[in-house]
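Below is coords_30.txt, which holds compact mmCIF, C-alpha atoms.
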# COMPACT_ATOMS: atom_id res chain seq x y z
CA MET A 1 -54.44 -28.75 -57.92
CA ASN A 2 -54.84 -26.49 -54.90
CA VAL A 3 -58.28 -26.38 -53.33
CA LEU A 4 -57.34 -23.84 -50.66
CA GLY A 5 -57.64 -20.78 -52.86
CA GLU A 6 -57.81 -17.71 -50.64
CA LYS A 7 -57.15 -19.94 -47.61
CA THR A 8 -53.63 -20.74 -48.79
CA PRO A 9 -51.41 -19.74 -45.85
CA LYS A 10 -49.29 -16.64 -46.42
CA THR A 11 -46.92 -17.06 -43.45
CA ALA A 12 -44.33 -19.68 -42.52
CA ARG A 13 -46.30 -20.42 -39.34
CA GLY A 14 -49.47 -20.97 -41.36
CA ARG A 15 -47.65 -23.29 -43.74
CA ARG A 16 -46.30 -25.30 -40.82
CA THR A 17 -49.80 -25.61 -39.36
CA LEU A 18 -51.19 -26.72 -42.69
CA ARG A 19 -48.41 -29.29 -42.98
CA LYS A 20 -49.32 -30.68 -39.55
CA ILE A 21 -52.96 -31.02 -40.60
CA LEU A 22 -52.09 -32.74 -43.88
CA ASP A 23 -49.66 -35.14 -42.19
CA ALA A 24 -52.25 -36.03 -39.55
CA ALA A 25 -54.88 -36.46 -42.27
CA GLU A 26 -52.60 -38.84 -44.18
CA LEU A 27 -52.40 -41.08 -41.11
CA GLU A 28 -56.10 -40.78 -40.25
CA PHE A 29 -57.49 -41.37 -43.73
CA GLY A 30 -54.97 -44.13 -44.33
CA ALA A 31 -55.83 -45.95 -41.12
CA ARG A 32 -59.60 -45.46 -41.02
CA GLY A 33 -60.69 -44.52 -44.54
CA PHE A 34 -62.51 -41.38 -45.53
CA HIS A 35 -65.92 -42.12 -44.04
CA GLU A 36 -64.66 -43.26 -40.63
CA ALA A 37 -62.05 -40.52 -40.30
CA SER A 38 -62.99 -37.49 -38.21
CA VAL A 39 -61.89 -33.89 -38.16
CA ALA A 40 -61.65 -34.11 -34.36
CA SER A 41 -59.14 -36.94 -34.56
CA ILE A 42 -57.14 -35.22 -37.30
CA THR A 43 -56.85 -31.96 -35.38
CA ALA A 44 -56.01 -33.77 -32.14
CA ASN A 45 -53.19 -35.67 -33.82
CA ALA A 46 -52.01 -32.49 -35.54
CA GLY A 47 -51.96 -30.66 -32.21
CA VAL A 48 -54.26 -27.87 -33.39
CA ALA A 49 -57.72 -26.71 -32.35
CA GLN A 50 -60.75 -27.74 -34.41
CA GLY A 51 -61.39 -24.07 -35.08
CA THR A 52 -57.95 -23.83 -36.66
CA PHE A 53 -58.92 -26.57 -39.11
CA TYR A 54 -61.67 -24.39 -40.56
CA ILE A 55 -59.22 -21.58 -41.21
CA TYR A 56 -57.84 -23.80 -43.96
CA PHE A 57 -60.68 -26.13 -44.96
CA ASP A 58 -64.43 -25.79 -45.16
CA SER A 59 -64.99 -29.54 -44.87
CA LYS A 60 -63.43 -32.96 -44.50
CA GLU A 61 -64.09 -33.50 -48.22
CA LEU A 62 -61.94 -30.51 -49.18
CA LEU A 63 -59.16 -31.69 -46.86
CA PHE A 64 -59.23 -35.10 -48.54
CA ARG A 65 -59.05 -33.51 -51.99
CA GLU A 66 -56.11 -31.33 -50.95
CA LEU A 67 -54.36 -34.35 -49.42
CA VAL A 68 -54.59 -36.33 -52.66
CA ALA A 69 -53.13 -33.38 -54.56
CA ASP A 70 -50.45 -32.89 -51.90
CA LEU A 71 -49.37 -36.53 -52.03
CA GLY A 72 -49.11 -36.32 -55.81
CA LEU A 73 -47.06 -33.14 -55.67
CA ARG A 74 -44.71 -34.50 -53.01
CA LEU A 75 -44.23 -37.75 -54.89
CA ARG A 76 -43.50 -36.01 -58.19
CA SER A 77 -40.99 -33.73 -56.48
CA TYR A 78 -39.37 -36.72 -54.78
CA LEU A 79 -39.07 -38.61 -58.05
CA HIS A 80 -37.74 -35.58 -59.92
CA GLU A 81 -34.99 -35.21 -57.36
CA ALA A 82 -34.20 -38.93 -57.49
CA VAL A 83 -33.68 -39.00 -61.27
CA SER A 84 -32.19 -35.53 -61.77
CA ASP A 85 -28.61 -36.82 -62.02
CA SER A 86 -29.38 -39.88 -64.17
CA PRO A 87 -27.00 -40.07 -67.16
CA ASN A 88 -29.66 -41.44 -69.52
CA ARG A 89 -33.33 -42.36 -69.77
CA THR A 90 -32.81 -46.03 -68.90
CA GLU A 91 -31.07 -45.12 -65.67
CA ALA A 92 -33.76 -42.53 -64.96
CA GLU A 93 -36.39 -45.28 -65.25
CA ARG A 94 -34.41 -47.50 -62.86
CA GLN A 95 -33.79 -44.76 -60.31
CA GLY A 96 -37.36 -43.57 -60.58
CA LEU A 97 -38.80 -47.01 -59.90
CA LEU A 98 -36.48 -47.56 -56.94
CA ALA A 99 -37.45 -44.15 -55.55
CA PHE A 100 -41.16 -44.76 -56.10
CA ILE A 101 -41.13 -48.05 -54.22
CA GLY A 102 -39.10 -46.41 -51.46
CA PHE A 103 -41.63 -43.58 -51.19
CA VAL A 104 -44.49 -46.07 -50.99
CA ARG A 105 -42.71 -47.93 -48.20
CA GLU A 106 -42.36 -44.68 -46.26
CA HIS A 107 -45.93 -43.59 -47.00
CA GLY A 108 -47.87 -46.81 -46.65
CA ASN A 109 -51.19 -44.97 -46.74
CA LEU A 110 -50.58 -43.60 -50.24
CA TYR A 111 -52.37 -46.40 -52.10
CA ARG A 112 -55.38 -46.52 -49.81
CA ILE A 113 -55.92 -42.76 -49.97
CA VAL A 114 -55.42 -42.44 -53.73
CA MET A 115 -57.49 -45.50 -54.58
CA GLU A 116 -60.29 -44.45 -52.24
CA SER A 117 -60.36 -41.06 -53.93
CA GLN A 118 -61.88 -42.59 -57.06
CA PHE A 119 -65.06 -43.08 -55.02
CA VAL A 120 -64.84 -40.08 -52.67
CA ASP A 121 -63.67 -37.51 -55.23
CA PRO A 122 -63.35 -38.93 -58.77
CA GLU A 123 -61.98 -35.65 -60.13
CA ALA A 124 -59.15 -35.64 -57.58
CA PHE A 125 -58.38 -39.24 -58.56
CA ARG A 126 -58.33 -38.35 -62.26
CA LEU A 127 -56.15 -35.29 -61.78
CA TYR A 128 -53.69 -37.22 -59.63
CA PHE A 129 -52.89 -39.56 -62.51
CA MET A 130 -53.32 -37.02 -65.31
CA GLU A 131 -50.68 -34.78 -63.76
CA PHE A 132 -48.34 -37.73 -63.44
CA GLY A 133 -49.02 -38.66 -67.04
CA THR A 134 -48.27 -35.14 -68.28
CA ALA A 135 -44.96 -35.03 -66.42
CA TYR A 136 -44.00 -38.53 -67.54
CA GLN A 137 -44.78 -37.78 -71.16
CA ALA A 138 -42.72 -34.58 -71.05
CA GLY A 139 -39.75 -36.60 -69.85
CA LEU A 140 -40.16 -39.15 -72.62
CA ASP A 141 -40.50 -36.39 -75.20
CA ARG A 142 -37.17 -34.98 -74.05
CA ALA A 143 -35.59 -38.43 -74.28
CA VAL A 144 -36.93 -38.86 -77.82
CA ALA A 145 -35.58 -35.44 -78.81
CA SER A 146 -32.14 -36.31 -77.43
CA GLY A 147 -32.06 -39.66 -79.22
CA GLU A 148 -32.13 -41.76 -76.03
CA VAL A 149 -35.53 -43.22 -76.89
CA ARG A 150 -36.68 -44.23 -80.32
CA PRO A 151 -39.18 -41.91 -82.01
CA GLY A 152 -42.86 -42.67 -81.62
CA GLU A 153 -46.04 -41.85 -79.74
CA THR A 154 -45.24 -41.05 -76.11
CA GLU A 155 -48.60 -40.67 -74.35
CA GLY A 156 -49.43 -44.38 -74.46
CA ARG A 157 -45.87 -45.30 -73.54
CA SER A 158 -46.04 -42.99 -70.52
CA TRP A 159 -49.22 -44.56 -69.20
CA ALA A 160 -47.87 -48.07 -69.77
CA LEU A 161 -44.75 -47.21 -67.78
CA MET A 162 -46.89 -45.65 -65.05
CA GLY A 163 -48.83 -48.91 -64.88
CA ILE A 164 -45.61 -50.84 -64.30
CA SER A 165 -44.71 -48.53 -61.42
CA LEU A 166 -48.22 -48.66 -59.97
CA PHE A 167 -48.27 -52.43 -59.63
CA ALA A 168 -44.59 -52.80 -58.70
CA GLY A 169 -45.22 -50.28 -55.92
CA LEU A 170 -48.29 -52.17 -54.76
CA ARG A 171 -46.52 -55.52 -54.51
CA TYR A 172 -43.07 -54.48 -53.33
CA GLY A 173 -44.01 -51.32 -51.46
CA ILE A 174 -47.19 -52.48 -49.70
CA TRP A 175 -47.42 -56.27 -49.79
CA GLU A 176 -43.72 -57.19 -49.56
CA PRO A 177 -41.96 -54.16 -48.04
CA GLU A 178 -39.00 -56.23 -46.78
CA ARG A 179 -38.21 -57.69 -50.20
CA ASP A 180 -34.87 -56.86 -51.85
CA ILE A 181 -36.10 -54.98 -54.89
CA ASN A 182 -32.79 -54.35 -56.66
CA PRO A 183 -32.79 -57.49 -58.83
CA LEU A 184 -36.48 -57.02 -59.56
CA VAL A 185 -36.02 -53.40 -60.60
CA ASP A 186 -33.02 -54.38 -62.73
CA SER A 187 -35.19 -56.95 -64.53
CA ILE A 188 -38.00 -54.45 -65.08
CA THR A 189 -35.53 -51.82 -66.28
CA ASP A 190 -34.01 -54.26 -68.76
CA MET A 191 -37.46 -54.90 -70.21
CA ILE A 192 -38.18 -51.17 -70.43
CA ASP A 193 -34.80 -50.47 -72.00
CA ARG A 194 -35.32 -53.08 -74.71
CA GLY A 195 -38.72 -51.60 -75.47
CA LEU A 196 -37.59 -47.98 -75.69
CA ARG A 197 -34.08 -48.35 -77.10
CA PRO A 198 -33.49 -46.84 -80.54
CA SER A 199 -33.07 -49.42 -83.30
CA PRO A 200 -29.50 -49.96 -84.58
CA ALA A 201 -30.38 -48.21 -87.84
CA ALA A 202 -31.40 -45.12 -85.89
CA GLU A 203 -28.27 -44.98 -83.74

Could you quickly redo this structure as structure tokens?
Amino acid sequence: MNVLGEKTPKTARGRRTLRKILDAAELEFGARGFHEASVASITANAGVAQGTFYIYFDSKELLFRELVADLGLRLRSYLHEAVSDSPNRTEAERQGLLAFIGFVREHGNLYRIVMESQFVDPEAFRLYFMEFGTAYQAGLDRAVASGEVRPGETEGRSWALMGISLFAGLRYGIWEPERDINPLVDSITDMIDRGLRPSPAAE
């Protein structure tokens, strides 16, 4: 989801400026919440003039919507890279969960921004998770086709697995960021593997 439309920057300089605004917005919205955040503070922290802000966004609301979409896109790209060399679906689940928790630890404002979006911009909130669900289901469909995962309905499975990541990220990414997550992720992966593994008759 891109809310910029015709305001999408066409030059490398414009893209760098937009990146500065989005990064500053992530810190501002994460620290103060949508209603207390100000365009003046965002532009000051981004090192750009307030007039520059309106080259890209018509309002704080549109910036917030674009930020939610941007965080989702960056996270999906990060996870895709993390699991791209996984030899099988079970290892992809393990690497993906490790990467997700690591991303949350680096972007501690992710949960506050995304969860607040359900009240500020419910459509942005819905699209954030729907796009994750579509990508997750496509991955499971490929694993079913290759025989790594037993046949069956994949939409519900995808959302169940997303729920595991959501709450694991909340506890071990936000509440307990210093915790050694390797044994925890191994335990979660074992549970997932047993649930998705093809039955012996199907092997």

Next on the checklist: Which residues are close to segment 72-78 of chain A, i.e. within 9 Å by only C-alpha atoms, leaving aside same-chain residues fewer than 5 positions away? Reply as JSON, numbers by chain.
Outcome noted: {"A": [1, 67, 83, 99, 100, 103, 128, 129, 131, 132, 135]}

Closest atom pairs, segment 24-82 of chain A residues within 10 Å of segment 88-93 of chain A, all atoms listed in the file, as CSV:
residue,atom,partner,partner_atom,distance
A:Leu79,CA,A:Ala92,CA,9.6
A:His80,CA,A:Ala92,CA,9.5
A:Ala82,CA,A:Ala92,CA,8.3

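As for atom CA of Ile21 of chain A and atom CA of Ala124 of chain A, they are spaced 18.7 Å apart.
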
Item to check | 10 Å contact set for Asp141 of chain A, all atoms listed in the file, chain neighbours under 3 positions out, as a ChimeraX atom specification | outcome: /A:135-138,144-149,151-155,158

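Counting only C-alpha atoms and comparing A:Val48, A:Ile42, A:Leu62, A:Leu184, the residue that lies closest to Gly30 of chain A is A:Ile42.
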
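You can rank A:Arg171, A:His107, A:Arg19, A:Arg150 by their closest distance to Ala31 of chain A using all atoms listed in the file, and at the top of that list sits A:His107.
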
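Neighbours of Gly14 of chain A closer than or equal to 12 Å, with only C-alpha atoms counted and sequence neighbours fewer than 4 positions away skipped, come out as Lys7, Thr8, Pro9, Lys10, Leu18, Arg19, Lys20, Ile21, Val48, Thr52, Phe53, Ile55 and Tyr56 of chain A.
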
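Going from atom CA of Leu63 of chain A to atom CA of Gly173 of chain A covers 25.2 Å.
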
Residues near Arg112 of chain A, cut-off 12 Å, all atoms listed in the file, skip fewer than 5 positions along chain, as a compact mmCIF listing (two decimals) with C-alpha atoms, in the frame of the given file:
# COMPACT_ATOMS: atom_id res chain seq x y z
CA GLU A 26 -52.60 -38.84 -44.18
CA LEU A 27 -52.40 -41.08 -41.11
CA GLU A 28 -56.10 -40.78 -40.25
CA PHE A 29 -57.49 -41.37 -43.73
CA GLY A 30 -54.97 -44.13 -44.33
CA ALA A 31 -55.83 -45.95 -41.12
CA ARG A 32 -59.60 -45.46 -41.02
CA GLY A 33 -60.69 -44.52 -44.54
CA PHE A 34 -62.51 -41.38 -45.53
CA VAL A 68 -54.59 -36.33 -52.66
CA LEU A 71 -49.37 -36.53 -52.03
CA VAL A 104 -44.49 -46.07 -50.99
CA HIS A 107 -45.93 -43.59 -47.00
CA SER A 117 -60.36 -41.06 -53.93
CA GLN A 118 -61.88 -42.59 -57.06
CA PHE A 119 -65.06 -43.08 -55.02
CA VAL A 120 -64.84 -40.08 -52.67
CA PHE A 125 -58.38 -39.24 -58.56
CA LEU A 170 -48.29 -52.17 -54.76
CA ILE A 174 -47.19 -52.48 -49.70

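Between atom CA of Gly133 of chain A and atom CA of Met191 of chain A the separation is 20.2 Å.
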
Checklist entry - Which neighbours of Ile181 of chain A fall inside 10 Å, counting all atoms listed in the file, when residues of the same chain fewer than 6 positions from it are skipped, and could you give them as number ranges by chain? => result A: 97-98, 101-102, 168, 172-173, 187

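For the set A:Glu106, A:Ala24, A:Glu116, A:Gln95, the residue with the smallest atom-to-atom gap to Thr189 of chain A is A:Gln95, counting all atoms listed in the file.
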
Checklist outcome for this item: One residue among A:Gly51, A:Lys60, A:Arg105, A:Ser199 is nearest to Arg179 of chain A when using only C-alpha atoms, and that residue is A:Arg105

Item to check | For Ile188 of chain A, the nearest of the candidates A:Met115, A:Leu140, A:Arg94, A:Thr134, counting all atoms listed in the file | outcome: A:Arg94
